[in-house]
Structure formats: C-alpha cells, structure tokens
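Here is the structure we will look at.
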Amino acid sequence: MKKLSDQEMADMLDNCRKAAFLIEKQQAEGITSKEESELEYHLNICEMCRVFEKQSTVINQFVKKLSGVKKSELRLDDGFKEQLQKQINTKHN
C-alpha cells in the first residue's frame, strides 16, 4: 500500500470531516442535491465514512426512540456546537 504524503493525509481528513458533517446534516435537516452527490461520491471510496454513517444512523434512531422527541425538536445549543468544533479542530491540527 502506498504511503500517503502529509498533504494527502490532510486532504483526506478534510474530505472525511466534510462527509461526517454532511452525514449528520442529512439526518438532522436534509442536504442539497449537490451535497448529496458529494457525499455519495465520498462514501463510494471511503469505507471508514460508510461505517460512520451506519453508526450515526443507529445512534440517531436510538436517541430519537429514547427521547420520544420529534427530529425537528432535537437541536444542539450553538455555543456547545462551537466548543465541540474547537475541540475537534485542536485534536486534528
């Protein structure tokens, strides 16, 4: 297997981050047809993100059943999302 350069690794992580974002967005509120095409393309080449999508779907279904709350009512606080994104960026940079 070919060893990836630092730039190739960074590009791959960026693509996976975007895919993870689109997977979650798709389940929460839906995505545009362009985003859907981008996600579909990425999922066709990235096994890790396909696994993430399956796990995310199961978790979201479980939370929905557990909470008894409609999907449209499940929202994270913007401050929490910003703090979480900072933590993710710190660990991956």
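For the structure tokens, the naming scheme is as follows: chains receive sequential letters (A, B, ...) according to their order of presentation, residues are indexed from 1 within each chain, and ligands are indexed from 1 in presentation order.
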Applying 8 Å and only C-alpha atoms, which residues near region 40-55 of chain A remain after dropping the ones on its own chain fewer than 4 positions away? List them as a compact mmCIF listing (two decimals) with all heavy atoms, in the first residue's frame.
```
# COMPACT_ATOMS: atom_id res chain seq x y z
N ASN A 15 -11.71 15.80 3.70
CA ASN A 15 -12.83 15.17 3.00
C ASN A 15 -13.70 14.36 3.94
O ASN A 15 -14.92 14.37 3.84
CB ASN A 15 -12.31 14.28 1.86
CG ASN A 15 -11.72 15.07 0.72
OD1 ASN A 15 -12.02 16.24 0.54
ND2 ASN A 15 -10.86 14.44 -0.04
N CYS A 16 -13.07 13.65 4.88
CA CYS A 16 -13.83 12.85 5.84
C CYS A 16 -14.58 13.75 6.82
O CYS A 16 -15.71 13.43 7.21
CB CYS A 16 -12.91 11.89 6.58
SG CYS A 16 -12.30 10.54 5.53
N ALA A 19 -17.56 14.91 4.97
CA ALA A 19 -18.51 13.80 4.84
C ALA A 19 -19.26 13.58 6.15
O ALA A 19 -20.47 13.39 6.15
CB ALA A 19 -17.80 12.52 4.40
N ALA A 20 -18.53 13.60 7.26
CA ALA A 20 -19.18 13.41 8.56
C ALA A 20 -20.19 14.53 8.82
O ALA A 20 -21.30 14.27 9.31
CB ALA A 20 -18.12 13.38 9.67
N ILE A 23 -23.21 13.83 6.65
CA ILE A 23 -23.97 12.70 7.17
C ILE A 23 -24.88 13.17 8.30
O ILE A 23 -26.08 12.86 8.34
CB ILE A 23 -23.03 11.58 7.64
CG1 ILE A 23 -22.39 10.89 6.43
CG2 ILE A 23 -23.76 10.57 8.52
CD1 ILE A 23 -21.20 10.01 6.76
N GLU A 36 -25.60 15.97 -1.57
CA GLU A 36 -25.90 14.55 -1.65
C GLU A 36 -24.97 13.85 -2.64
O GLU A 36 -24.45 12.77 -2.37
CB GLU A 36 -27.35 14.33 -2.04
CG GLU A 36 -27.80 12.90 -1.94
CD GLU A 36 -29.30 12.74 -2.15
OE1 GLU A 36 -30.04 13.72 -2.08
OE2 GLU A 36 -29.70 11.59 -2.38
N ILE A 59 -27.32 5.37 16.08
CA ILE A 59 -27.31 6.22 17.28
C ILE A 59 -28.45 7.22 17.24
O ILE A 59 -29.17 7.40 18.23
CB ILE A 59 -25.95 6.93 17.45
CG1 ILE A 59 -24.88 5.90 17.81
CG2 ILE A 59 -26.03 8.04 18.50
CD1 ILE A 59 -23.46 6.43 17.70
```
* Name the residues of chain A that fall into helix (DSSP H, G or I) according to DSSP on the backbone, using the chain letters and numbers of this document, as a VMD selection string. => chain A and resid 6 to 28 33 to 45 47 to 67 71 to 73 78 to 92
Restrict the selected residues to C-alpha atoms and save them as a short mmCIF file (atom, residue, chain, number, x, y, z; two decimals), in the first residue's frame.
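That gives us result-v6.cif:
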```cif
data_model
loop_
_atom_site.label_atom_id
_atom_site.label_comp_id
_atom_site.auth_asym_id
_atom_site.auth_seq_id
_atom_site.Cartn_x
_atom_site.Cartn_y
_atom_site.Cartn_z
CA ASP A 6 1.32 14.80 4.73
CA GLN A 7 -0.72 16.83 2.22
CA GLU A 8 -2.62 13.75 1.03
CA MET A 9 -3.41 12.84 4.65
CA ALA A 10 -4.60 16.39 5.37
CA ASP A 11 -6.79 16.37 2.25
CA MET A 12 -8.26 13.00 3.19
CA LEU A 13 -9.05 14.20 6.73
CA ASP A 14 -10.73 17.31 5.34
CA ASN A 15 -12.83 15.17 3.00
CA CYS A 16 -13.83 12.85 5.84
CA ARG A 17 -14.68 15.81 8.09
CA LYS A 18 -16.92 17.22 5.39
CA ALA A 19 -18.51 13.80 4.84
CA ALA A 20 -19.18 13.41 8.56
CA PHE A 21 -20.73 16.88 8.63
CA LEU A 22 -22.96 16.04 5.64
CA ILE A 23 -23.97 12.70 7.17
CA GLU A 24 -25.11 14.43 10.35
CA LYS A 25 -26.75 17.30 8.46
CA GLN A 26 -28.59 14.84 6.23
CA GLN A 27 -30.03 13.06 9.23
CA ALA A 28 -30.91 16.27 11.08
CA SER A 33 -28.72 17.62 -4.16
CA LYS A 34 -25.16 18.90 -4.69
CA GLU A 35 -24.21 17.91 -1.14
CA GLU A 36 -25.90 14.55 -1.65
CA SER A 37 -23.81 13.93 -4.78
CA GLU A 38 -20.60 14.92 -2.98
CA LEU A 39 -21.43 12.65 -0.05
CA GLU A 40 -22.37 9.74 -2.28
CA TYR A 41 -19.08 10.07 -4.18
CA HIS A 42 -17.08 10.15 -0.95
CA LEU A 43 -18.94 7.19 0.55
CA ASN A 44 -18.19 5.16 -2.57
CA ILE A 45 -14.45 5.49 -1.93
CA GLU A 47 -15.06 2.67 3.95
CA MET A 48 -14.49 4.50 7.26
CA CYS A 49 -17.15 7.06 6.43
CA ARG A 50 -19.59 4.35 5.34
CA VAL A 51 -19.14 2.74 8.76
CA PHE A 52 -19.56 6.16 10.42
CA GLU A 53 -22.79 6.73 8.50
CA LYS A 54 -24.23 3.38 9.66
CA GLN A 55 -23.21 4.01 13.26
CA SER A 56 -24.56 7.54 13.20
CA THR A 57 -27.89 6.36 11.81
CA VAL A 58 -28.25 3.75 14.54
CA ILE A 59 -27.31 6.22 17.28
CA ASN A 60 -29.71 8.87 15.99
CA GLN A 61 -32.55 6.34 15.75
CA PHE A 62 -31.84 5.16 19.29
CA VAL A 63 -31.77 8.70 20.66
CA LYS A 64 -35.00 9.53 18.86
CA LYS A 65 -36.75 6.48 20.31
CA LEU A 66 -35.28 7.06 23.74
CA SER A 67 -36.23 10.70 23.88
CA LYS A 71 -36.42 15.05 14.93
CA SER A 72 -37.14 18.73 14.28
CA GLU A 73 -37.11 19.40 18.03
CA ASP A 78 -24.92 26.86 19.20
CA GLY A 79 -22.40 27.51 21.97
CA PHE A 80 -22.00 23.79 22.57
CA LYS A 81 -21.52 23.16 18.83
CA GLU A 82 -18.84 25.87 18.61
CA GLN A 83 -17.00 24.47 21.63
CA LEU A 84 -17.17 20.94 20.20
CA GLN A 85 -15.87 22.12 16.81
CA LYS A 86 -12.91 23.86 18.52
CA GLN A 87 -12.06 20.64 20.33
CA ILE A 88 -12.22 18.66 17.09
CA ASN A 89 -10.04 21.18 15.26
CA THR A 90 -7.48 21.19 18.10
CA LYS A 91 -7.15 17.41 18.08
CA HIS A 92 -6.81 17.14 14.29
#
```
